[in-house]
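Here is the structure we will look at.
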Amino acid sequence: MNYNKANLPEEYRWASDDELKRRIAAKRKEYGDKLVILTHHYQRIEIVEFHDYLGDSYALARDASRQKNAEHIIFCGVRFMAEAADILTAPYQKVYLANPTAGCPMADMAPTRAVYDSWDVIESVLGKDSVIPISYMNSSAELKAFTGKNGGLICTSSNADAAFDWVKSKGRKLFFFPDQHLGRNTANKKGIPKDKIVMYNPTKENGGLTSDELKRAEVILWQGHCHVHTNFKPEHVAKMRKDYPGVKVVVHPECTEDVVALADSVGSTAHIVKYVEQAPAGSVIAIGTEINLVHRLAVTMPDKKIMSLGGDYCAICSNMFRTSLNDLCFTIENFDKAELVQVPGNIAVDAKLALERMLEVGR
Ligand code: SF4
């Protein structure tokens with residue numbers, strides 16, 4: 001069953017926030033450690049209030065894998081995260097996505113068939129066992145399985161560095177999808193020369209690459225991006241520095257390389273949270289990531305001036321924003337009716353290999 005708020009039963013649509021909060025809290029108490037709520041940093045502040053674990057996709061995957069008592073795991077995030085939680089938990093544990101319509105447009109930029117086709121092209125030019133796939137966590141379970149089957153691993157923005165090192169230690173080229181920017185920014189950080197970083201465009205024959213370009217490449221990027229993070233521009237950084245002399249700019253590596261080059265600090269959502277927490281009182285910080293995280297940091301640390309780097313540009317992830325108290329209350333009160341996230345067994349086995357390699361490699 002797919003539904004959004006409009007399709008929730010009447011009593012969930014019209015209940016006040018206070019009532020929904022009361023009911024969610026009562027159910028959490030009733031279930032005790034049989035229930036765990038995993039919540040991503042980009043969720044609305046009123047959803048974050050109910051987390052058992054709050055984190056980025058790396059931390060939440062790790063937290064999911066450690067749950068042994070929980071029979072019910074509610075994910076407040078987007079689909080690929082809940083799929084990873086299902087893959088990493090035992091069959092007796094049931095995983096729900098609080099709003100089952102919450103997806104990730106970036107993950108959708110790497111359709112399974114297109115990635116398999118590109119792999120055929122790459123192997124036909126470079127031969128077998130010359131390239132290792134790295135799939136960003138923001139990808140479908142099918143692509144995680146493809147990655148596991150082909151000796152690769154999953155990475156998040158928290159451990160892309162470690163994933164690159166892991167591939168390098170094996171003396172192989174690297175095929176990175178779907179986010180070109182995280183791939184490029186990590187390759188830049190590793191000092192990989194620009195002419196050894198190429199981009200595979202799935203809409204063009206052979207990805208728009210010649211055999212020579214593929215042979216010369218150390219890193220093959222997929223042409224995907226996050227529409228939230230790529231809207232931050234160098235002009236935003238320039239304006240912040242002009243309006244707030246001394247401002248610190250911290251951005252997520254899904255931003256473009258020209259924005260990353262101008263920032264004071266770059267890192268995952270976990271890195272951004274830590275950066276802001278550790279900044280001294282009175283700091284002025286402009287953040288290039290999703291607005292709900294920026295808003296929450298500003299509210300919880302009023303001794304610092306915390307702003308979105310985008311100024312008037314509202315960097316909202318509408319998919320993350322879909323999860324409401326109404327959804328959470330419906331899910332927690334209706335485990336028998338809420339949609340289960342269930343990755344088919346054959347896909348889950350290979351995907352788990354790639355996810356476990358990620359957890360072994362660490363941050
Ligand atoms: S912020 Fe970007 S990458 Fe993250 S879930 Fe939203 S669309 Fe996907």
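Residue numbering restarts at 1 in every chain; chains get A, B, ... in the order shown in the structure tokens, and ligands count up from 1 in that same order.
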What does the list of residues within 7 Å of ligand 1 look like if you count only C-alpha atoms and all ligand atoms, written as a list in words?
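The residues within 7 Å of ligand 1, counting only C-alpha atoms and all ligand atoms, are Val78, Gly103, Cys104, Pro105, Met106, Ala107, Asn138, Cys226, His227, Val228, His229, Glu290, Cys317, Asn319 and Met320 of chain A.
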Keeping C-alpha atoms for every residue in the selection just given, could you write it to a file as a CSV table (one decimal), in the first residue's frame?
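Saved as part_4.csv:
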```csv
chain,number,residue,atom,x,y,z
A,78,VAL,CA,13.9,7.8,2.9
A,103,GLY,CA,12.3,8.3,-1.9
A,104,CYS,CA,15.6,9.9,-3.1
A,105,PRO,CA,15.7,11.4,-6.6
A,106,MET,CA,19.5,11.0,-6.7
A,107,ALA,CA,19.1,7.2,-6.1
A,138,ASN,CA,21.8,6.5,-1.8
A,226,CYS,CA,21.5,15.7,-5.4
A,227,HIS,CA,19.3,18.6,-6.5
A,228,VAL,CA,19.3,20.0,-2.9
A,229,HIS,CA,23.1,20.3,-2.5
A,290,GLU,CA,19.5,20.4,4.0
A,317,CYS,CA,14.6,17.9,0.6
A,319,ASN,CA,11.3,13.7,0.4
A,320,MET,CA,12.8,14.0,3.9
```
For range 315-361 of chain A versus range 92-96 of chain A, which residues have an atom no more than 12 Å away, and what is each residue's nearest atom pair and distance in Å rounded to one decimal, using only C-alpha atoms, chain-then-number order, as a tab-separated table?
```
residue	atom	partner	partner_atom	distance
A:Asp327	CA	A:Tyr96	CA	11.0
A:Leu328	CA	A:Tyr96	CA	10.0
A:Phe330	CA	A:Tyr96	CA	11.3
A:Thr331	CA	A:Tyr96	CA	7.7
A:Ile332	CA	A:Tyr96	CA	9.4
A:Asn334	CA	A:Tyr96	CA	10.8
A:Phe335	CA	A:Tyr96	CA	8.4
A:Asp336	CA	A:Lys94	CA	10.7
A:Lys337	CA	A:Tyr96	CA	10.6
A:Ala338	CA	A:Tyr96	CA	7.1
A:Glu339	CA	A:Tyr96	CA	6.3
A:Leu340	CA	A:Tyr96	CA	5.0
A:Val341	CA	A:Tyr96	CA	5.5
A:Gln342	CA	A:Val95	CA	7.6
A:Val343	CA	A:Val95	CA	10.2
```
For the residues in the current selection, export C-alpha atoms as a PDB file, in the first residue's frame.
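Ended up saving to again_31.pdb:
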```pdb
ATOM      1  CA  ASP A 327       2.671   9.320   9.551  1.00  0.00           C
ATOM      2  CA  LEU A 328       4.689   8.385  12.606  1.00  0.00           C
ATOM      3  CA  PHE A 330      -0.208   5.954  12.140  1.00  0.00           C
ATOM      4  CA  THR A 331       2.782   3.619  11.785  1.00  0.00           C
ATOM      5  CA  ILE A 332       3.391   3.154  15.492  1.00  0.00           C
ATOM      6  CA  ASN A 334      -0.835   0.162  13.179  1.00  0.00           C
ATOM      7  CA  PHE A 335       2.014  -2.271  12.715  1.00  0.00           C
ATOM      8  CA  ASP A 336      -0.486  -4.722  11.243  1.00  0.00           C
ATOM      9  CA  LYS A 337      -1.515  -2.245   8.524  1.00  0.00           C
ATOM     10  CA  ALA A 338       1.670  -0.239   7.890  1.00  0.00           C
ATOM     11  CA  GLU A 339       3.718  -1.166   4.831  1.00  0.00           C
ATOM     12  CA  LEU A 340       6.728  -3.354   5.558  1.00  0.00           C
ATOM     13  CA  VAL A 341      10.045  -2.663   3.867  1.00  0.00           C
ATOM     14  CA  GLN A 342      11.092  -6.067   2.576  1.00  0.00           C
ATOM     15  CA  VAL A 343      14.082  -6.550   0.310  1.00  0.00           C
TER      16      VAL A 343
END
```
DSSP-assigned strand (DSSP E) members of range 223-324 of chain A, reported as number ranges by chain
A: 248-251, 265-266, 284-288, 305-308
Take CA of Asn201 in chain A and CA of Ile220 in chain A and report the distance between them in Å, one decimal.
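Pair CA of Asn201 in chain A / CA of Ile220 in chain A returns 10.2 Å.
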With only C-alpha atoms as the atoms that count, which of A:Leu221, A:Ile154, A:Ala279, A:Leu297 lies nearest to Leu174 in chain A?
A:Leu221
Quick one, how far is CA of Val125 in chain A from CA of Ala217 in chain A?
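CA of Ala217 in chain A lies at a distance of 11.8 Å from CA of Val125 in chain A.
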What's around Pro302 in chain A at 12 Å? Count only C-alpha atoms, leave out sequence neighbours fewer than 4 positions away in its own chain, and write the answer as a PyMOL selection string.
chain A and resi 276-277+280-284+295-298+306-307
Print the selection's residues with C-alpha atoms to a file, as a short mmCIF file (atom, residue, chain, number, x, y, z; two decimals), in the first residue's frame.
```cif
data_model
loop_
_atom_site.label_atom_id
_atom_site.label_comp_id
_atom_site.auth_asym_id
_atom_site.auth_seq_id
_atom_site.Cartn_x
_atom_site.Cartn_y
_atom_site.Cartn_z
CA VAL A 276 28.91 23.27 14.81
CA GLU A 277 28.80 21.70 18.28
CA PRO A 280 32.93 28.39 20.33
CA ALA A 281 29.94 30.45 21.48
CA GLY A 282 29.48 33.52 19.29
CA SER A 283 30.62 31.70 16.12
CA VAL A 284 28.93 32.63 12.85
CA HIS A 295 17.21 24.93 11.37
CA ARG A 296 17.53 22.40 14.20
CA LEU A 297 21.16 23.30 14.84
CA ALA A 298 20.19 26.99 14.98
CA ILE A 306 23.83 29.45 12.37
CA MET A 307 22.49 30.10 8.87
#
```
Would you please work out which residue, of A:Arg28, A:His41, A:Lys170, A:Lys233, is nearest to Gly55 in chain A when using only C-alpha atoms?
A:His41
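Remark: for Pro253 in chain A, the closest of the candidate residues A:Asn188, A:Thr300, A:Lys305, A:Trp222 is A:Asn188 (distances computed over only C-alpha atoms).
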Which residues are close to Val237 in chain A, i.e. within 8 Å by only C-alpha atoms, leaving aside same-chain residues fewer than 6 positions away? Reply as a list in words.
Val249, Val259, Leu262, Ala263 and Leu309 of chain A
Take the residues from that selection and write them out as a PDB file, in the first residue's frame, keeping N, CA and C atoms.
```
ATOM      1  N   VAL A 249      32.316  28.652   6.771  1.00  0.00           N
ATOM      2  CA  VAL A 249      31.424  27.981   5.818  1.00  0.00           C
ATOM      3  C   VAL A 249      31.717  26.484   5.865  1.00  0.00           C
ATOM      4  N   VAL A 259      32.083  24.897  -4.985  1.00  0.00           N
ATOM      5  CA  VAL A 259      31.606  25.319  -3.657  1.00  0.00           C
ATOM      6  C   VAL A 259      32.502  24.705  -2.572  1.00  0.00           C
ATOM      7  N   LEU A 262      35.701  26.452  -1.858  1.00  0.00           N
ATOM      8  CA  LEU A 262      35.629  27.738  -1.139  1.00  0.00           C
ATOM      9  C   LEU A 262      35.278  27.589   0.343  1.00  0.00           C
ATOM     10  N   ALA A 263      34.925  26.361   0.743  1.00  0.00           N
ATOM     11  CA  ALA A 263      34.447  26.164   2.122  1.00  0.00           C
ATOM     12  C   ALA A 263      35.608  26.069   3.116  1.00  0.00           C
ATOM     13  N   LEU A 309      23.671  28.383   4.067  1.00  0.00           N
ATOM     14  CA  LEU A 309      24.572  29.029   3.114  1.00  0.00           C
ATOM     15  C   LEU A 309      23.793  29.655   1.960  1.00  0.00           C
TER      16      LEU A 309
END
```
Residues within 9 Å of range 8-14 of chain A, please, as a PyMOL selection string. Count only C-alpha atoms; anything in the same chain fewer than 5 positions from it doesn't count.
chain A and resi 3+20+325-327+329-330
Between A:Asp303, A:Asp195, A:Asp161, A:Asp108, single out the one closest to Phe80 in chain A, counting only C-alpha atoms.
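Checking each of A:Asp303, A:Asp195, A:Asp161, A:Asp108 against Phe80 in chain A, counting only C-alpha atoms, the winner is A:Asp108.
CA of Ile74 in chain A lies 13.9 Å from CA of Ala25 in chain A.
Of the residues listed (A:Leu38, A:Met358, A:Leu88, A:Val266), A:Met358 shows the shortest atom-to-atom separation from Val167 in chain A; distances use only C-alpha atoms.
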Need to verify the contact set: Ala160 in chain A, 10 Å, only C-alpha atoms, exclusion of same-chain residues closer than 3 positions in sequence. Can you return it as number ranges by chain?
A: 134-136, 154-157, 163-166, 182-183, 185-187, 253, 268, 358, 362-363
